[in-house]
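First comes the structure, then the notes that go with it.
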Amino acid sequence: MHAQPLVALVGNPNAGKSALFNALTGARQKVGNYPGVTVERHSGRLALDDGRPVELVDLPGAYSLDPSSPDERVTRDVVTGRQAGERRPDALIIVVDAANLDNHLRFALQLIALGLPVVVALNMVDLAERDGLTLDPDILSRELGVPVVPTVAVRRRGIDALRSHVGEMVATRQSRDAAPAEDIKALQRRAREIAGRTTVSETAGRRWTHALDAVALHPVSGPILLIGLLFIMFQAVFAWSEAPIGWIEGAFAALDGWIDAVLPDSFLRSLLTDGLIAGVGAVVVFLPQILILFLFILILEASGYMVRAAFLMDRLMAHVGLSGRAFIPLLSSFACAVPGIMATRSIEDEKDRLTTMLIAPLMTCSARLPVYTIIIGAFIPDRQVAPLVGLQGLVLLGLYVMGILGAFVAALVLRRTVTKGESSGFMMEMPKYQWPQLRDVAIGLWSRSLIFLKRAGTTIALTTVILWALLSFPKPPENSGISPVDYSVAGRIANGLETVVAPIGFNRDIALALIPAMAAREVAVAAIGTVYAIDDPEAEGGQKAITENLKNRWTLPTALAFLMWFVFAPQCISTIAVTRRETNGWKWPAFMVGYLFATAYIMAGITYWLATLAGL
């Protein structure tokens with residue numbers, strides 16, 4: 001028998017557990033590793049009121065006894081007596097955050113059910129009171145059936161009372177019978193009921209949070225609200241951007257006209273007008289739509305709703321073998337797959353992480369938006385299908401949904417084949433709702449504008465100039481009637497590639513756009529604009545000119561197949577490069593590129609033939 005009792009300090013992350021551990025042990029601490037794992041073991045000596053020593057071990061933060069990470073597994077194994085080289089604690093100090101009681105009580109109820117002597121430290125009561133929340137520790141103690149001590153660890157409030165309860169527990173070491181395990185939903189319901197009974201008073205803001213969450217997190221109304229917000233967002237992308245797009249087009253048209261008036265017909269004028277202005281201008285014109293999309297995303301993040309969306313998506317993602325931890329990286333991929341793939345570092349499970357990386361390119365990033373909107377603008381009528389509901393916005397929403405569904409199907413297949421493994425659970429804390437700060441939203445939009453314009457001024461501009469050169473030389477003989485594009489180097493390459501993509505309805509113009517679009521997806525629009533500027537130098541430039549050319553040269557089945565190609569194809573070298581870096585090799589990037597291109601080819605072909613058979 002060990003002479004020195006062992007007491008474990010356990011609770012959710014961010015409950016103030018480390019501060020309480022420091023307050024109880026002072027400088028009498030040591031750090032090591034648990035046998036066989038890399039998880040650190042923090043222990044210290046707690047001196048009781050009568051001078052007896054107690055070993056206090058600070059267990060890693062956990063959300064439940066169903067582990068989803070090595071840290072949580074160690075905590076589960078220690079409190080249940082299964083951790084190698086560690087004896088089972090004689091008693092537990094459960095730390096809960098007073099301001100987030102209903103979420104923290106869920107884990108506390110699991111721990112109390114183990115039957116060990118327990119005292120609950122109701123920590124950070126000062127912050128709860130500052131936020132207008134008043135709790136009754138006596139009611140909480142009665143509901144839980146264990147002692148409850150209000151504490152403020154950073155100010156050493158409640159430490160003496162907590163130490164006294166620890167002394168009583170280790171003196172008797174009376175364990176209770178373990179209670180039957182309850183499922184997580186039952187525990188959450190019970191935790192909310194206890195938190196409600198313990199709450200004496202709260203501010204109107206907290207009451208509003210609970211009322212809003214009753215709708216936003218409801219299994220029926222929650223998804224309906226999420227779909228409604230997405231619907232409004234994509235309607236706004238078209239409805240609000242029409243005027244600023246016109247201003248940008250007017251500015252580029254004026255610049256084009258000024259260059260035509262100042263410079264004679266020459267190599268330089270062609271480079272500036274047919275190359276840079278026709279190409280880069282065709283992409284920059286979509287900046288308002290991208291900013292509108294990010295305006296909604298920034299507002300939803302700042303308001304606290306985005307975490308609620310993650311909670312809703314976790315339930316759906318569990319069906320395809322992923323946890324809610326994959327939601328944030330996938331959400332980041334709507335801006336760009338590169339930071340999304342880098343964000344997978346937060347996923348502990350390697351199979352989960354790899355699967356998330358492999359499906360991240362299927363999230364519809366902002367680079368696809370120019371491609372989607374120019375094709376939709378050319379082929380989808382600008383009409384209302386219901387009051388305030390535009391057909392173009394519905395089609396854009398459908399493309400985003402198609403990418404999400406494609407990612408889920410890919411995850412389902414991958415988790416049952418090449419990344420086979422058990423899915424892990426996911427717990428999260430809900431932030432309070434708040435009004436977004438106008439300054440923060442403005443900074444976010446400004447930052448996004450700079451990133452987009454820098455991309456347009458570097459990668460897209462360089463790719464466009466190279467494409468213009470390949471499209472401009474060699475020039476066909478005068479009065480030969482041969483298309484300058486067909487006679488050029490790029491045209492000859494595209495005519496050869498067309499034989500490969502013709503079965504899925506793609507023409508020479510698309511074949512030309514696909515290769516430079518590997519540098520950046522937006523280059524597809526720039527490439528098409530450059531092709532038409534060289535093929536018809538007398539025509540006016542701008543988005544309207546590209547739209548008219550598309551209507552005259554493409555069929556609707558071809559346009560729909562092109563959209564479907566961009567839903568699935570990995571048209572981005574940066575994404576491939578960051579995947580190689582994160583997986584430390586070329587095996588998985590090559591697999592990703594292979595399965596995505598194959599999927600894009602098959603889905604584009606199916607779309608083309610179905611649309612053709614339907615007579616579209």
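Labels used: A, B, ... for chains in the order of the structure tokens, numbers from 1 for residues in each chain, and numbers from 1 for ligands as shown.
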
Residues at most 12 Å from Ala251 (chain A), counting only C-alpha atoms, excluding those fewer than 3 positions away in the same chain, as an MDAnalysis selection string?
chainID A and resid 244:248 254:258 277 281 284:285 541:542

List every residue of region 56-248 of chain A that DSSP, applied to the backbone, labels as helix (DSSP H, G or I), and write the result as an NGL selection string.
:A and (70-80 or 98-112 or 125-130 or 137-144 or 153-155 or 159-172 or 184-198 or 204-216 or 221-239 or 242-248)

With distances taken over only C-alpha atoms, which residue among A:Tyr400, A:Gln437, A:Leu271, A:Gln188 lies nearest Leu470 (chain A)?
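Using only C-alpha atoms, Leu470 (chain A) sits closest to A:Leu271.
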
Contacts of region 567-583 of chain A at 10 Å (only C-alpha atoms; same-chain gap of 6+ positions) as a PDB file with C-alpha atoms, in the first residue's frame:
```pdb
ATOM      1  CA  CYS A 336      -8.099  28.592 -50.121  1.00  0.00           C
ATOM      2  CA  ALA A 337      -7.162  24.919 -49.857  1.00  0.00           C
ATOM      3  CA  VAL A 338      -3.552  25.794 -48.913  1.00  0.00           C
ATOM      4  CA  PRO A 339      -4.281  27.147 -45.375  1.00  0.00           C
ATOM      5  CA  GLY A 340      -7.016  24.520 -45.066  1.00  0.00           C
ATOM      6  CA  ILE A 341      -4.532  21.687 -45.590  1.00  0.00           C
ATOM      7  CA  MET A 342      -2.060  23.329 -43.193  1.00  0.00           C
ATOM      8  CA  THR A 344      -5.159  19.795 -40.526  1.00  0.00           C
ATOM      9  CA  ARG A 345      -2.176  19.801 -38.148  1.00  0.00           C
ATOM     10  CA  ARG A 353      -5.815  14.153 -40.978  1.00  0.00           C
ATOM     11  CA  LEU A 354      -4.835  12.459 -44.234  1.00  0.00           C
ATOM     12  CA  MET A 357      -6.111  16.774 -46.687  1.00  0.00           C
ATOM     13  CA  LEU A 358      -7.193  14.592 -49.604  1.00  0.00           C
ATOM     14  CA  ILE A 359     -10.717  16.049 -49.740  1.00  0.00           C
ATOM     15  CA  ALA A 360      -9.837  19.698 -48.937  1.00  0.00           C
ATOM     16  CA  PRO A 361      -9.424  20.620 -52.666  1.00  0.00           C
ATOM     17  CA  LEU A 362     -13.091  19.700 -53.199  1.00  0.00           C
ATOM     18  CA  MET A 363     -14.194  22.634 -51.058  1.00  0.00           C
ATOM     19  CA  THR A 364     -15.103  25.457 -53.425  1.00  0.00           C
ATOM     20  CA  CYS A 365     -12.310  27.998 -52.895  1.00  0.00           C
ATOM     21  CA  ALA A 367     -10.386  31.047 -56.921  1.00  0.00           C
ATOM     22  CA  ARG A 368     -13.225  29.061 -58.499  1.00  0.00           C
ATOM     23  CA  TYR A 372     -18.311  29.893 -61.909  1.00  0.00           C
ATOM     24  CA  LEU A 399     -22.076  24.176 -57.273  1.00  0.00           C
ATOM     25  CA  TYR A 400     -20.900  24.781 -53.700  1.00  0.00           C
ATOM     26  CA  VAL A 401     -23.217  22.032 -52.431  1.00  0.00           C
ATOM     27  CA  MET A 402     -21.931  19.709 -55.176  1.00  0.00           C
ATOM     28  CA  GLY A 403     -18.358  20.245 -53.953  1.00  0.00           C
ATOM     29  CA  ILE A 404     -19.369  19.514 -50.345  1.00  0.00           C
ATOM     30  CA  GLY A 406     -18.349  15.280 -53.476  1.00  0.00           C
ATOM     31  CA  ALA A 407     -16.005  15.736 -50.495  1.00  0.00           C
ATOM     32  CA  LEU A 514      -6.869  24.076 -68.568  1.00  0.00           C
ATOM     33  CA  ILE A 515      -3.053  24.016 -68.659  1.00  0.00           C
ATOM     34  CA  PRO A 516      -2.297  27.605 -67.495  1.00  0.00           C
ATOM     35  CA  ALA A 517      -5.124  27.280 -64.936  1.00  0.00           C
ATOM     36  CA  MET A 518      -2.892  24.844 -63.038  1.00  0.00           C
ATOM     37  CA  ALA A 519      -0.960  27.912 -61.814  1.00  0.00           C
ATOM     38  CA  ALA A 520      -4.166  29.404 -60.392  1.00  0.00           C
ATOM     39  CA  ARG A 521      -7.776  28.548 -61.122  1.00  0.00           C
ATOM     40  CA  GLU A 522      -8.668  32.158 -61.959  1.00  0.00           C
ATOM     41  CA  VAL A 523      -6.240  31.991 -64.904  1.00  0.00           C
ATOM     42  CA  ALA A 524      -8.866  29.945 -66.762  1.00  0.00           C
ATOM     43  CA  ALA A 561     -19.474  20.053 -68.142  1.00  0.00           C
ATOM     44  CA  PRO A 589      -0.182  14.272 -53.617  1.00  0.00           C
ATOM     45  CA  ALA A 590       0.067  11.992 -56.676  1.00  0.00           C
ATOM     46  CA  MET A 592      -4.884  13.116 -54.745  1.00  0.00           C
ATOM     47  CA  VAL A 593      -4.213  14.540 -58.205  1.00  0.00           C
ATOM     48  CA  GLY A 594      -5.009  11.197 -59.837  1.00  0.00           C
ATOM     49  CA  TYR A 595      -8.336  10.548 -58.145  1.00  0.00           C
ATOM     50  CA  LEU A 596      -9.513  14.166 -58.482  1.00  0.00           C
ATOM     51  CA  PHE A 597      -8.688  14.440 -62.193  1.00  0.00           C
ATOM     52  CA  ALA A 598     -10.315  11.060 -62.824  1.00  0.00           C
ATOM     53  CA  THR A 599     -13.419  12.162 -60.900  1.00  0.00           C
ATOM     54  CA  ALA A 600     -13.507  15.497 -62.759  1.00  0.00           C
ATOM     55  CA  TYR A 601     -13.254  13.772 -66.146  1.00  0.00           C
ATOM     56  CA  ILE A 602     -15.974  11.236 -65.333  1.00  0.00           C
ATOM     57  CA  MET A 603     -18.378  13.781 -63.779  1.00  0.00           C
ATOM     58  CA  ALA A 604     -17.856  16.296 -66.608  1.00  0.00           C
TER      59      ALA A 604
END
```

Ranking A:Arg192, A:Arg73, A:Arg176, A:Arg308 by minimum distance to Leu116 (chain A) and counting only C-alpha atoms, which one comes first?
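Ranked by minimum distance to Leu116 (chain A), first place goes to A:Arg176.
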
Excluding Phe562 (chain A) and its own-chain neighbours fewer than 4 positions away, which residues fall within 8 Å of it when counting only C-alpha atoms? Please give them as a compact mmCIF listing (two decimals) with N, CA and C atoms, in the first residue's frame.
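For reference, around01.txt as written:
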```txt
# COMPACT_ATOMS: atom_id res chain seq x y z
N PHE A 506 -15.52 19.16 -74.26
CA PHE A 506 -14.64 20.33 -74.22
C PHE A 506 -14.13 20.67 -75.62
N ILE A 510 -11.37 25.54 -74.18
CA ILE A 510 -11.24 24.95 -72.85
C ILE A 510 -9.90 24.25 -72.70
N THR A 558 -21.70 21.85 -72.93
CA THR A 558 -20.27 22.08 -72.74
C THR A 558 -20.02 22.97 -71.53
N PHE A 566 -14.54 21.94 -62.93
CA PHE A 566 -13.91 22.80 -61.92
C PHE A 566 -14.41 22.51 -60.51
N ALA A 604 -17.63 15.38 -65.49
CA ALA A 604 -17.86 16.30 -66.61
C ALA A 604 -18.47 15.55 -67.78
```

Could you tell me how far CA of Leu445 (chain A) sits from CA of Ile380 (chain A), in Å to one decimal place?
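Between CA of Ile380 (chain A) and CA of Leu445 (chain A) the gap works out to 28.6 Å.
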